Amino acid sequence: MNLKTLIEVRDVEKRFGGLVALRSVSMKVRQGSVIGLIGPNGAGKTTLLNIINGLYKPDSGTILFNGHDITGYPPHKIALLGIGRTFQVVKIFRGMTVFDNILVPALRFYKKREDAIKRVEWLCDFFEIQRIKDELASEISGGQQKLLELARAIVHDPQLLLLDEPFYGIHPELKTKIINYIKRLNEELGKTFLIVSHDMPSIRTICDGVLVMHAGEVIYEGTLEEARKSKGVLEAYLGV
Ligand SMILES: Nc1ncnc2c1ncn2[C@@H]1O[C@H](COP(=O)(O)OP(=O)(O)OP(=O)(O)O)[C@@H](O)[C@H]1O
Ligand SMILES: [Mg+2]
């Protein structure tokens, strides 16, 4: 097993006015693992992803990627270092074709247009979206839009992928496919995942472990099975 820490968050605090969204959060994700980030609504899961990819700056604390301090770096710089990201509400160019949606970010990372096009073709093959590549992003299903966003997120071949609710509202058949793509990206290409989801069956299927958040804190780290037996986790979900 790979023991190298890929991403580490140390004592991060994030406030929005009087609201403390993250309260001294510390966590680590090892290279090559698939970790589920779970917890009730408003726990701070999305905020933690936003802190890691630089969308938000922490009020205090440190973020280390590959042992390198990236605290305060802007999102594009963090992306270049090797972190990809999808959003709870899909971010794609609705008026563009599926192919162009992936080509736009590809052109930012590849100097030669032909290399960018090659990369997009590879991604269309991998995610089996060749059939819909000329369709407008606004015309494909919500699940396919999530898949397209995933393709966009890995266009620059990042080591770490932060996925926010990748299974929400997706047709079961496509969900199974997306789970398999994530597994292949992890097992065949060594990608590391931090996946926010409320979908416990999917989390159980793909994750090596979970981090449970509640009220801005990481309250549990371990297996999903053990988390379900933890008194603190049960109380967080039941609102005791
Ligand atoms: N930009 C913001 N401005 C003000 N408050 C915010 C902002 N982003 C998040 N919050 C607040 O921070 C807390 C944590 O929100 P966050 O979105 O991280 O939760 P979450 O765990 O992702 O929840 P969900 O499962 O519902 O997506 C919430 O109280 C939320 O209202
Ligand atoms: Mg969220």
# chains A, B, ... in the order shown; residues from 1 in each chain; ligands from 1
call {"tool": "closest_atom_pairs", "arguments": {"of": "range 139-163 of chain A", "to": "range 7-19 of chain A", "cutoff": "12 Å", "atoms": "only C-alpha atoms", "output": "CSV"}}
result
residue,atom,partner,partner_atom,distance
A:Gln159,CA,A:Ile7,CA,10.2
A:Leu160,CA,A:Ile7,CA,8.3
A:Leu161,CA,A:Ile7,CA,10.8
A:Leu162,CA,A:Ile7,CA,11.0
call {"tool": "write_last_selection", "arguments": {"atoms": "N, CA, C and O atoms", "output": "CSV table (one decimal), in the first residue's frame"}}
result
chain,number,residue,atom,x,y,z
A,159,GLN,N,-3.3,14.5,-10.4
A,159,GLN,CA,-3.1,13.4,-9.5
A,159,GLN,C,-4.3,13.2,-8.6
A,159,GLN,O,-4.6,12.1,-8.2
A,160,LEU,N,-4.9,14.4,-8.2
A,160,LEU,CA,-5.9,14.3,-7.2
A,160,LEU,C,-7.2,14.9,-7.8
A,160,LEU,O,-7.2,15.9,-8.4
A,161,LEU,N,-8.3,14.2,-7.5
A,161,LEU,CA,-9.6,14.7,-8.0
A,161,LEU,C,-10.6,14.9,-6.9
A,161,LEU,O,-10.7,14.0,-6.0
A,162,LEU,N,-11.1,16.1,-6.8
A,162,LEU,CA,-12.1,16.4,-5.8
A,162,LEU,C,-13.5,16.4,-6.4
A,162,LEU,O,-13.7,17.2,-7.3
call {"tool": "select_by_dssp", "arguments": {"residues": "range 42-208 of chain A", "states": "alpha helix (DSSP H)", "output": "ChimeraX atom specification"}}
result
/A:45-52,75-82,98-109,113-126,142-153,172-187,200-206
call {"tool": "residues_near_ligand", "arguments": {"ligand": "ligand 2", "cutoff": "9 Å", "atoms": "only C-alpha atoms and all ligand atoms", "output": "ChimeraX atom specification"}}
result
/A:41-47,49,87-88,164-165,196-197
call {"tool": "write_last_selection", "arguments": {"atoms": "C-alpha atoms", "output": "PDB file, in the first residue's frame"}}
result
ATOM      1  CA  ASN A  41     -26.072  19.112   5.036  1.00  0.00           C
ATOM      2  CA  GLY A  42     -24.104  22.210   5.977  1.00  0.00           C
ATOM      3  CA  ALA A  43     -21.293  20.191   7.598  1.00  0.00           C
ATOM      4  CA  GLY A  44     -18.613  22.005   5.582  1.00  0.00           C
ATOM      5  CA  LYS A  45     -17.808  19.394   2.913  1.00  0.00           C
ATOM      6  CA  THR A  46     -18.045  21.705  -0.098  1.00  0.00           C
ATOM      7  CA  THR A  47     -16.212  24.424   1.819  1.00  0.00           C
ATOM      8  CA  LEU A  49     -13.096  21.208  -1.270  1.00  0.00           C
ATOM      9  CA  PHE A  87     -18.945  20.938  -8.544  1.00  0.00           C
ATOM     10  CA  GLN A  88     -22.157  20.181  -6.677  1.00  0.00           C
ATOM     11  CA  ASP A 164     -18.660  17.122  -5.179  1.00  0.00           C
ATOM     12  CA  GLU A 165     -21.773  14.924  -5.317  1.00  0.00           C
ATOM     13  CA  VAL A 196     -18.275  14.218  -1.361  1.00  0.00           C
ATOM     14  CA  SER A 197     -21.503  12.238  -1.474  1.00  0.00           C
TER      15      SER A 197
END
call {"tool": "closest_residue", "arguments": {"among": "A:Glu235, A:Asp157, A:Thr97, A:Tyr220", "to": "Ile132 in chain A", "atoms": "only C-alpha atoms"}}
result
A:Thr97
call {"tool": "closest_residue", "arguments": {"among": "A:Phe93, A:Tyr56, A:Phe193, A:Phe99", "to": "ligand 1", "atoms": "only C-alpha atoms and all ligand atoms"}}
result
A:Tyr56
